[in-house]
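Below is my_file_17.cif, which holds mmCIF, C-alpha atoms and all ligand atoms.
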data_model
#
loop_
_atom_site.label_atom_id
_atom_site.label_comp_id
_atom_site.auth_asym_id
_atom_site.auth_seq_id
_atom_site.Cartn_x
_atom_site.Cartn_y
_atom_site.Cartn_z
CA MET A 28 -33.89 100.69 -101.23
CA LEU A 29 -35.30 99.08 -98.15
CA VAL A 30 -32.50 97.37 -96.19
CA LEU A 31 -33.28 94.80 -93.50
CA HIS A 32 -31.02 94.24 -90.52
CA ASP A 33 -31.22 92.23 -87.30
CA PRO A 34 -28.68 92.99 -84.52
CA ALA A 35 -28.75 89.29 -83.56
CA THR A 36 -26.73 88.54 -86.69
CA LEU A 37 -23.77 90.29 -85.03
CA LYS A 38 -23.52 87.86 -82.15
CA HIS A 39 -22.01 84.95 -84.04
CA GLN A 40 -18.20 84.94 -83.86
CA ILE A 41 -15.86 82.01 -84.37
CA VAL A 42 -12.33 80.97 -85.19
CA GLU A 43 -11.52 79.07 -88.36
CA LEU A 44 -8.57 77.00 -89.48
CA LEU A 45 -6.95 78.69 -92.49
CA ASP A 46 -3.52 77.89 -93.91
CA CYS A 47 -3.16 75.36 -91.08
CA LYS A 48 -3.61 78.03 -88.38
CA PRO A 49 -6.53 78.95 -86.14
CA ILE A 50 -7.47 82.59 -86.80
CA PRO A 51 -10.52 84.76 -86.05
CA ALA A 52 -12.86 83.99 -88.96
CA TYR A 53 -12.76 86.51 -91.83
CA GLU A 54 -16.56 86.34 -91.72
CA SER A 55 -16.73 88.79 -88.78
CA PRO A 56 -19.46 90.89 -87.10
CA THR A 57 -17.58 94.03 -88.15
CA ARG A 58 -18.76 93.38 -91.71
CA ILE A 59 -22.33 94.12 -90.68
CA GLU A 60 -21.37 97.09 -88.49
CA VAL A 61 -19.76 98.89 -91.43
CA LEU A 62 -22.66 98.09 -93.76
CA VAL A 63 -25.20 99.38 -91.25
CA ALA A 64 -23.17 102.59 -90.86
CA ALA A 65 -23.01 103.03 -94.63
CA ILE A 66 -26.77 102.63 -95.02
CA GLN A 67 -27.49 104.97 -92.09
CA ALA A 68 -25.29 107.61 -93.72
CA SER A 69 -27.15 107.22 -97.03
CA VAL A 70 -30.67 107.97 -95.75
CA PRO A 71 -33.01 108.97 -97.44
CA GLN A 72 -31.73 107.22 -100.58
CA HIS A 73 -31.96 103.99 -98.65
CA SER A 74 -33.85 103.11 -95.51
CA LEU A 75 -32.76 100.75 -92.77
CA ARG A 76 -35.37 98.65 -91.00
CA THR A 77 -34.41 96.73 -87.89
CA ILE A 78 -36.11 93.37 -87.66
CA VAL A 79 -36.08 91.32 -84.51
CA SER A 80 -36.97 87.68 -84.96
CA SER A 81 -39.00 86.05 -82.24
CA PHE A 82 -38.02 82.67 -83.61
CA THR A 83 -34.55 82.17 -82.22
CA SER A 84 -35.24 81.50 -78.56
CA ALA A 85 -38.34 79.40 -79.13
CA SER A 86 -36.64 77.40 -81.83
CA LEU A 87 -34.20 75.88 -79.38
CA ASN A 88 -37.12 73.65 -78.60
CA SER A 89 -36.88 71.09 -81.37
CA SER A 90 -40.64 70.67 -81.60
CA SER A 91 -40.94 74.14 -83.13
CA LEU A 92 -39.03 72.88 -86.17
CA ALA A 93 -42.19 71.15 -87.29
CA PRO A 94 -44.18 72.96 -89.98
CA ALA A 95 -46.45 75.39 -88.16
CA PRO A 96 -47.88 77.99 -90.52
CA SER A 97 -50.51 78.93 -88.00
CA SER A 98 -47.92 80.00 -85.42
CA GLY A 99 -47.53 83.33 -87.13
CA ASP A 100 -43.83 82.70 -87.62
CA LEU A 101 -43.22 80.80 -90.81
CA LEU A 102 -39.46 80.51 -90.51
CA GLY A 103 -39.67 77.03 -88.96
CA ARG A 104 -41.75 75.81 -91.87
CA PHE A 105 -39.37 77.21 -94.49
CA LEU A 106 -36.33 75.87 -92.64
CA SER A 107 -37.79 72.37 -92.52
CA GLU A 108 -38.59 72.58 -96.25
CA THR A 109 -34.97 73.55 -96.89
CA HIS A 110 -32.95 71.45 -94.45
CA ASP A 111 -32.84 67.99 -92.97
CA LYS A 112 -34.58 68.03 -89.58
CA ASP A 113 -31.78 66.13 -87.83
CA TYR A 114 -29.30 68.67 -89.17
CA LEU A 115 -31.38 71.55 -87.77
CA ARG A 116 -31.64 69.79 -84.45
CA HIS A 117 -27.87 69.25 -84.44
CA LEU A 118 -27.13 72.91 -85.16
CA SER A 119 -29.49 74.12 -82.47
CA HIS A 120 -28.10 71.81 -79.77
CA ILE A 121 -24.46 70.98 -80.46
CA PHE A 122 -22.86 73.95 -78.69
CA ASP A 123 -24.75 73.34 -75.46
CA ASP A 124 -24.22 69.59 -75.64
CA ILE A 125 -20.47 69.92 -76.02
CA ILE A 126 -20.01 72.63 -73.41
CA ARG A 127 -21.98 70.59 -70.92
CA ALA A 128 -19.94 67.51 -71.74
CA GLN A 129 -16.64 69.38 -71.42
CA ILE A 130 -17.41 70.86 -68.05
CA ASP A 131 -19.20 67.71 -67.07
CA VAL A 132 -22.29 69.34 -65.72
CA ASP A 133 -23.65 65.96 -64.79
CA GLY A 134 -21.26 65.70 -61.90
CA SER A 135 -18.52 63.14 -62.46
CA SER A 136 -15.78 65.81 -62.80
CA GLU A 137 -13.88 67.42 -59.93
CA LEU A 138 -16.34 70.29 -60.01
CA SER A 139 -19.42 69.99 -57.91
CA ALA A 140 -22.69 70.02 -59.81
CA ALA A 141 -23.28 73.60 -58.66
CA GLU A 142 -19.80 74.70 -59.74
CA ALA A 143 -20.22 73.01 -63.11
CA GLU A 144 -23.56 74.74 -63.66
CA ALA A 145 -21.97 78.07 -62.66
CA GLU A 146 -19.19 77.47 -65.19
CA TYR A 147 -21.76 76.70 -67.88
CA GLU A 148 -23.63 79.92 -67.11
CA ARG A 149 -20.35 81.86 -67.12
CA ILE A 150 -19.50 80.61 -70.61
CA LYS A 151 -22.98 81.40 -71.89
CA ALA A 152 -22.78 84.90 -70.44
CA THR A 153 -19.46 85.90 -72.02
CA GLU A 154 -19.85 88.24 -74.93
CA PHE A 155 -17.95 85.93 -77.25
CA SER A 156 -17.31 82.46 -76.03
CA GLU A 157 -13.84 80.99 -76.27
CA PHE A 158 -15.41 77.69 -77.23
CA VAL A 159 -16.08 76.89 -80.86
CA VAL A 160 -17.26 73.46 -81.95
CA LEU A 161 -15.10 72.34 -84.90
CA PRO A 162 -15.24 68.95 -86.60
CA GLU A 163 -12.90 66.29 -85.33
CA THR A 164 -13.35 64.13 -88.43
CA PHE A 165 -15.43 64.10 -91.61
CA ARG A 166 -17.69 61.55 -93.28
CA PRO A 167 -15.21 59.10 -94.82
CA PRO A 168 -15.71 57.82 -98.37
CA MET A 169 -17.40 54.42 -98.44
CA ARG A 170 -15.73 52.54 -101.27
CA THR A 171 -14.82 48.94 -101.74
CA ARG A 172 -11.32 47.99 -102.89
CA ASN A 173 -12.22 48.13 -106.57
CA GLY A 174 -13.30 51.75 -106.11
CA LEU A 175 -17.03 51.33 -106.46
CA ASN A 176 -19.42 52.94 -104.03
CA THR A 177 -21.43 50.22 -102.44
CA GLY A 178 -24.87 50.69 -101.05
CA ALA A 179 -24.04 48.05 -98.49
CA LEU A 180 -21.44 50.29 -96.89
CA GLU A 181 -23.17 53.62 -97.47
CA GLN A 182 -26.39 52.60 -95.82
CA ASN A 183 -24.57 52.44 -92.49
CA VAL A 184 -23.39 56.04 -92.66
CA ARG A 185 -25.28 57.98 -90.03
CA ALA A 186 -24.71 60.77 -87.53
CA PRO A 187 -22.49 59.47 -84.72
CA LYS A 188 -23.96 59.22 -81.24
CA ASP A 189 -20.70 60.62 -79.86
CA ILE A 190 -21.23 64.37 -79.68
CA PHE A 191 -17.52 65.11 -80.31
CA GLY A 192 -17.74 63.19 -83.58
CA ARG A 193 -21.09 64.54 -84.67
CA HIS A 194 -20.21 67.99 -86.09
CA GLY A 195 -17.99 66.33 -88.70
CA PHE A 196 -21.05 64.54 -90.04
CA TYR A 197 -22.81 67.86 -90.56
CA THR A 198 -20.05 70.06 -91.98
CA TYR A 199 -17.47 69.77 -94.72
CA ASP A 200 -14.77 72.27 -93.73
CA MET A 201 -12.94 73.94 -90.84
CA ALA A 202 -14.45 77.40 -91.43
CA THR A 203 -17.89 76.62 -90.11
CA GLY A 204 -17.57 75.95 -86.41
CA VAL A 205 -20.43 76.53 -84.00
CA GLY A 206 -20.14 79.14 -81.27
CA LYS A 207 -22.61 79.92 -78.54
CA ASP A 208 -24.66 82.35 -80.66
CA THR A 209 -24.25 80.69 -84.04
CA TRP A 210 -27.71 79.11 -84.15
CA ALA A 211 -29.46 82.29 -83.03
CA ALA A 212 -27.57 84.39 -85.58
CA ALA A 213 -28.19 81.89 -88.39
CA CYS A 214 -31.93 81.91 -87.62
CA ALA A 215 -31.94 85.72 -87.54
CA SER A 216 -30.14 85.78 -90.88
CA ALA A 217 -32.59 83.36 -92.53
CA HIS A 218 -35.46 85.30 -90.98
CA LEU A 219 -34.32 88.48 -92.76
CA ALA A 220 -34.47 86.56 -96.05
CA VAL A 221 -38.01 85.41 -95.21
CA VAL A 222 -39.18 88.93 -94.32
CA GLY A 223 -37.58 90.31 -97.48
CA ALA A 224 -39.29 87.67 -99.61
CA GLU A 225 -42.70 88.54 -98.22
CA LEU A 226 -42.11 92.26 -98.86
CA ILE A 227 -41.33 91.86 -102.57
CA VAL A 228 -44.35 89.70 -103.43
CA PRO A 229 -46.89 92.02 -105.09
CA LYS A 230 -49.84 92.35 -102.73
CA ALA A 231 -53.37 91.41 -103.60
CA LYS A 232 -55.70 94.33 -104.12
CA VAL A 233 -57.92 94.05 -101.09
CA PRO A 234 -60.38 96.93 -100.58
CA GLY A 235 -59.48 98.99 -97.56
CA VAL A 236 -56.11 97.35 -97.04
CA SER A 237 -53.05 99.49 -97.55
CA ARG A 238 -50.41 98.16 -99.92
CA GLU A 239 -47.75 100.44 -98.53
CA ASP A 240 -45.50 97.71 -97.27
CA SER A 241 -44.80 96.31 -100.68
CA HIS A 242 -41.41 96.86 -102.23
CA LYS A 243 -39.90 96.22 -105.62
CA ASN A 244 -36.39 95.72 -104.20
CA VAL A 245 -35.21 94.66 -100.75
CA PHE A 246 -31.67 94.09 -99.51
CA ALA A 247 -31.43 91.68 -96.56
CA MET A 248 -28.23 92.10 -94.59
CA CYS A 249 -27.86 88.41 -93.90
CA ARG A 250 -25.09 87.14 -91.66
CA PRO A 251 -23.98 84.38 -91.50
CA PRO A 252 -24.20 83.92 -95.28
CA GLY A 253 -25.96 80.94 -96.83
CA HIS A 254 -25.13 79.83 -100.36
CA HIS A 255 -22.61 77.10 -99.45
CA CYS A 256 -24.95 75.34 -97.03
CA THR A 257 -26.52 72.14 -98.35
CA THR A 258 -29.56 70.25 -97.11
CA ASP A 259 -27.63 68.74 -94.24
CA MET A 260 -24.11 70.19 -94.21
CA ALA A 261 -22.70 73.53 -93.09
CA GLY A 262 -19.72 74.89 -95.00
CA GLY A 263 -18.00 78.10 -96.10
CA TYR A 264 -19.28 80.12 -93.10
CA CYS A 265 -22.85 79.08 -94.02
CA TYR A 266 -25.26 77.25 -91.66
CA LEU A 267 -28.69 77.83 -93.18
CA ASN A 268 -29.18 78.47 -96.89
CA ASN A 269 -30.82 81.89 -96.89
CA ALA A 270 -31.45 81.90 -100.66
CA VAL A 271 -33.24 78.55 -100.56
CA VAL A 272 -35.24 79.58 -97.50
CA ALA A 273 -36.17 82.84 -99.27
CA ILE A 274 -37.42 80.89 -102.27
CA GLN A 275 -39.64 78.74 -100.06
CA ALA A 276 -41.02 81.97 -98.61
CA LEU A 277 -41.51 83.54 -102.07
CA ARG A 278 -43.44 80.47 -103.23
CA TYR A 279 -45.62 80.52 -100.12
CA HIS A 280 -46.49 84.23 -100.27
CA HIS A 281 -46.85 84.23 -104.06
CA ALA A 282 -49.41 81.43 -103.81
CA ALA A 283 -51.19 83.11 -100.89
CA GLN A 284 -51.55 86.40 -102.77
CA ARG A 285 -52.84 84.71 -105.92
CA LEU A 286 -55.37 82.74 -103.91
CA GLN A 287 -56.45 85.96 -102.20
CA GLN A 288 -56.88 87.67 -105.55
CA GLN A 289 -59.03 84.73 -106.52
CA GLU A 290 -57.08 84.39 -109.72
CA ILE A 291 -57.07 80.68 -108.99
CA ASP A 292 -58.81 78.36 -106.59
CA GLU A 293 -56.17 75.72 -106.12
CA GLN A 294 -52.49 75.72 -105.18
CA PRO A 295 -50.75 77.49 -108.08
CA ALA A 296 -47.57 76.37 -109.82
CA HIS A 297 -44.34 77.74 -108.42
CA PRO A 298 -43.33 81.12 -109.83
CA ARG A 299 -40.24 81.26 -112.05
CA ILE A 300 -37.31 82.53 -109.96
CA THR A 301 -33.77 83.33 -111.01
CA VAL A 302 -30.99 83.13 -108.47
CA LEU A 303 -28.13 85.31 -109.67
CA ASP A 304 -25.12 84.36 -107.54
CA LEU A 305 -22.50 87.11 -107.73
CA ASP A 306 -20.34 86.01 -104.79
CA PHE A 307 -16.72 85.18 -105.67
CA HIS A 308 -17.36 81.57 -104.65
CA HIS A 309 -19.67 79.07 -106.29
CA GLY A 310 -22.95 78.61 -104.39
CA ASN A 311 -22.86 74.84 -104.27
CA GLY A 312 -25.66 74.59 -101.71
CA THR A 313 -28.12 76.66 -103.72
CA GLN A 314 -27.19 74.87 -106.93
CA ALA A 315 -27.82 71.48 -105.32
CA ALA A 316 -31.21 72.54 -103.91
CA PHE A 317 -32.65 73.33 -107.34
CA TYR A 318 -30.59 71.07 -109.60
CA GLU A 319 -33.67 69.11 -110.68
CA ASP A 320 -36.07 72.05 -110.58
CA PRO A 321 -37.01 74.06 -113.70
CA THR A 322 -38.83 76.71 -111.65
CA VAL A 323 -35.50 78.05 -110.38
CA LEU A 324 -32.82 79.18 -112.84
CA TYR A 325 -29.54 79.23 -110.92
CA ILE A 326 -26.73 81.30 -112.49
CA SER A 327 -23.34 81.80 -110.88
CA ILE A 328 -20.26 83.79 -111.89
CA HIS A 329 -17.37 82.70 -109.69
CA GLY A 330 -13.64 82.12 -109.38
CA GLU A 331 -12.50 79.12 -111.38
CA GLY A 332 -10.95 76.34 -109.30
CA GLU A 333 -11.60 78.19 -106.04
CA TYR A 334 -13.51 77.26 -102.86
CA PRO A 335 -15.63 75.11 -102.55
CA TYR A 336 -13.30 73.40 -105.07
CA TYR A 337 -15.55 70.50 -106.07
CA THR A 338 -18.39 72.29 -107.83
CA GLY A 339 -19.03 75.19 -110.19
CA TYR A 340 -18.03 73.59 -113.50
CA PRO A 341 -19.79 74.70 -116.71
CA GLU A 342 -20.76 71.07 -117.29
CA GLU A 343 -23.11 71.25 -114.27
CA THR A 344 -26.27 72.23 -116.12
CA GLY A 345 -29.04 70.58 -114.11
CA THR A 346 -30.69 67.20 -114.40
CA GLY A 347 -34.13 65.70 -115.02
CA LEU A 348 -36.75 68.42 -115.34
CA GLY A 349 -34.07 70.88 -114.22
CA ALA A 350 -31.79 70.14 -117.18
CA GLY A 351 -30.68 73.42 -118.72
CA PHE A 352 -31.67 75.53 -115.69
CA ASN A 353 -28.28 75.62 -113.97
CA ILE A 354 -25.64 77.90 -115.49
CA ASN A 355 -22.09 78.08 -114.14
CA LEU A 356 -19.83 80.80 -115.52
CA PRO A 357 -16.40 80.38 -113.87
CA LEU A 358 -13.73 83.02 -114.44
CA ALA A 359 -10.00 83.05 -113.74
CA MET A 360 -8.57 86.31 -112.34
CA ALA A 361 -11.26 88.54 -113.84
CA THR A 362 -10.94 92.22 -114.64
CA ALA A 363 -14.15 94.24 -114.50
CA ASP A 364 -14.55 94.10 -118.28
CA GLU A 365 -14.13 90.33 -118.37
CA TYR A 366 -16.63 90.05 -115.54
CA LEU A 367 -19.15 92.22 -117.37
CA ASP A 368 -18.79 90.05 -120.48
CA LYS A 369 -19.72 86.98 -118.41
CA LEU A 370 -22.54 88.90 -116.81
CA GLN A 371 -23.97 89.62 -120.27
CA VAL A 372 -24.20 85.85 -120.79
CA ALA A 373 -26.06 85.57 -117.48
CA VAL A 374 -28.39 88.41 -118.43
CA ASP A 375 -29.18 86.77 -121.78
CA HIS A 376 -30.18 83.57 -119.97
CA MET A 377 -32.34 85.58 -117.58
CA LYS A 378 -34.09 87.42 -120.42
CA ALA A 379 -34.93 84.12 -122.08
CA TYR A 380 -36.24 82.70 -118.78
CA LYS A 381 -38.39 85.76 -117.86
CA PRO A 382 -38.26 85.33 -114.09
CA GLU A 383 -41.14 86.52 -111.93
CA TYR A 384 -38.67 87.14 -109.08
CA ILE A 385 -34.92 87.67 -108.89
CA VAL A 386 -32.90 86.58 -105.86
CA VAL A 387 -29.34 87.92 -105.85
CA SER A 388 -26.69 86.22 -103.75
CA LEU A 389 -24.42 89.23 -103.43
CA GLY A 390 -20.81 88.85 -102.32
CA PHE A 391 -18.18 91.56 -102.30
CA ASP A 392 -15.32 89.09 -102.21
CA THR A 393 -15.05 89.82 -105.94
CA PHE A 394 -13.45 93.14 -104.89
CA ARG A 395 -9.82 93.77 -105.86
CA GLY A 396 -7.62 92.71 -102.96
CA ASP A 397 -10.23 90.73 -101.05
CA PRO A 398 -8.34 88.23 -98.88
CA LEU A 399 -10.49 85.34 -100.12
CA GLY A 400 -10.81 86.22 -103.81
CA ASN A 401 -8.65 87.18 -106.79
CA PHE A 402 -10.93 89.21 -109.07
CA MET A 403 -10.11 92.83 -109.90
CA ILE A 404 -13.44 94.57 -109.43
CA ASP A 405 -13.30 98.16 -108.15
CA THR A 406 -15.94 100.16 -106.31
CA PRO A 407 -17.49 101.93 -109.37
CA ASP A 408 -17.70 98.56 -111.15
CA TYR A 409 -20.44 97.35 -108.77
CA GLU A 410 -22.72 100.08 -110.09
CA ARG A 411 -21.95 98.94 -113.67
CA ILE A 412 -22.66 95.32 -112.73
CA ALA A 413 -25.99 96.19 -111.16
CA ARG A 414 -27.03 98.45 -114.04
CA LYS A 415 -26.25 95.76 -116.58
CA VAL A 416 -28.94 93.56 -115.04
CA ARG A 417 -31.46 96.21 -114.12
CA GLU A 418 -31.29 98.25 -117.32
CA GLU A 419 -32.52 95.30 -119.34
CA GLU A 420 -36.12 96.15 -120.12
CA LEU A 421 -37.33 92.64 -119.38
CA LEU A 422 -35.62 92.56 -115.99
CA SER A 423 -35.91 96.12 -114.75
CA GLY A 424 -39.32 95.72 -113.15
CA THR A 425 -38.94 92.21 -111.73
CA PRO A 426 -39.27 92.18 -107.92
CA SER A 427 -35.86 91.45 -106.44
CA LEU A 428 -34.49 90.28 -103.15
CA ILE A 429 -30.77 90.83 -102.62
CA LEU A 430 -29.12 88.68 -99.95
CA LEU A 431 -25.70 89.39 -98.50
CA GLU A 432 -23.20 86.56 -98.91
CA GLY A 433 -19.43 87.12 -98.60
CA GLY A 434 -16.99 90.04 -98.84
CA TYR A 435 -14.04 90.40 -96.49
CA MET A 436 -12.22 93.65 -97.25
CA VAL A 437 -14.13 95.25 -94.46
CA GLU A 438 -13.03 98.86 -94.98
CA LYS A 439 -14.47 98.87 -98.53
CA LEU A 440 -17.73 97.00 -97.91
CA GLY A 441 -19.80 100.12 -97.30
CA VAL A 442 -18.82 102.00 -100.47
CA ASN A 443 -19.09 98.82 -102.54
CA LEU A 444 -22.62 98.16 -101.29
CA LEU A 445 -23.73 101.74 -101.98
CA SER A 446 -22.27 101.51 -105.48
CA PHE A 447 -24.20 98.31 -106.19
CA LEU A 448 -27.49 99.60 -104.75
CA LYS A 449 -27.19 102.83 -106.76
CA GLY A 450 -26.88 100.84 -109.97
CA TRP A 451 -29.63 98.38 -109.02
CA GLU A 452 -32.15 101.10 -108.25
CA GLY A 453 -31.09 103.21 -111.21
CA LEU A 454 -30.26 106.21 -109.02
CA ALA A 455 -28.59 109.14 -110.71
ZN ZN B 1 -17.65 84.04 -101.10
#
Could you render the structure from this file as structure tokens?
Amino acid sequence: MLVLHDPATLKHQIVELLDCKPIPAYESPTRIEVLVAAIQASVPQHSLRTIVSSFTSASLNSSSLAPAPSSGDLLGRFLSETHDKDYLRHLSHIFDDIIRAQIDVDGSSELSAAEAEAEYERIKATEFSEFVVLPETFRPPMRTRNGLNTGALEQNVRAPKDIFGRHGFYTYDMATGVGKDTWAAACASAHLAVVGAELIVPKAKVPGVSREDSHKNVFAMCRPPGHHCTTDMAGGYCYLNNAVVAIQALRYHHAAQRLQQQEIDEQPAHPRITVLDLDFHHGNGTQAAFYEDPTVLYISIHGEGEYPYYTGYPEETGTGLGAGFNINLPLAMATADEYLDKLQVAVDHMKAYKPEYIVVSLGFDTFRGDPLGNFMIDTPDYERIARKVREEELLSGTPSLILLEGGYMVEKLGVNLLSFLKGWEGLA
């Protein structure tokens, strides 16, 4: 399988508050280092392609968040289709804004302006900054005394001008702070999803043009992960929703190829896409993005009553045109056999839907002993899980993009990934 990796995803490193204590976040750069090593050791069964995004530095200029398909870099367009523009602007600026405010670069502190600027440059130059922007407060509920939400109060809820208050408007937990390289890493991560999406779209048959760079399956080694991130809130280590961004990219390239093949002469309907979310945690952000959309079938198997705590119930089945296209399959303390039974339900839904593309949100926090999960899946079970999907005749040939989400038992990540990829590609 083709595996995509960007070294910029390793730069992001933060602390989180867990069990009332600040600790180095479980979502660490080491996760990617061990996965890269595992893929490198598995060549030629799998191939590793290093992708370097040109987007990250330019994107610090907020104007580049505007849709700009002609720029040659479509990430900005897909990000602005996925996320609120003020949220993107916040993420790209908040670290700098707060560091500058803390060291008072503007000159009213005891430091001279030159000393303050030198301090700012020192912080930016450290490999991992000691500063992490965490929320000071969260959006409070706006209810009147009789418990009803009132539009009159809610309409005043807006991002605070105070920069120390602002991150709480744009996140919903204490695991998703912003460090100095968080924005760059999040953009690199989403960019891998975009590149992967383009590679799995079947290419138009153009005389004289090679179709070599077309793949049935791609694994994008995304970090930070994405499935908890909503339109305008970071959460659960996620800052940009890579799966949603990938689907914007799939739609774009799918339409472009069909237009090129002259199968159609106007903008085609969206392709049918299934998101199969196999992370231990419910992908609330991805669910929300497509809750009213019948062109995306979202299916999640996840820990019952676990993070993010407020979503993932079986009763959440979609609404409006999307009614019936959201399937939640929560499980308590699953063994591999119980998990595979649930997966059969997911597969049956997928067969009925007949997706044109499959996006897998793949987390290894379902592994036995993972610090953030309680399932009892062992390494060989990942191959069984993957085979169960891919050995279905109707699903075996569907182009698929696999995106890395969670998984925190670092020493087992490599073997677990290789087990899954072996099953997904049907390797002997
Ligand atoms: Zn997870």
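The spacing separating CA of Tyr197 in chain A from CA of Ser216 in chain A amounts to 19.4 Å.
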Axis-aligned box over every listed atom of range 52-70 of chain A, padded by 3 Å per side: centre and edges in Å to one decimal, as AutoDock Vina command-line options?
--center_x -21.7 --center_y 96.0 --center_z -92.1 --size_x 23.9 --size_y 30.0 --size_z 15.9
- prompt: How far is it from CA of Glu319 in chain A to CA of Glu108 in chain A, in Å with one decimal?
  reply: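 We find that CA of Glu319 in chain A and CA of Glu108 in chain A lie 15.6 Å from each other.
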- prompt: Which of these, A:Gly206, A:Gly441, A:Gly453, A:Pro407, has the shortest distance to Glu154 in chain A once you count all atoms listed in the file?
  reply: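 For Glu154 in chain A, the nearest of the candidates is A:Gly206.
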- request: Measuring atom to atom with only C-alpha atoms, identify which of A:Ala224, A:Leu44, A:Leu422, A:Met436 is nearest to Leu399 in chain A.
  value: A:Met436
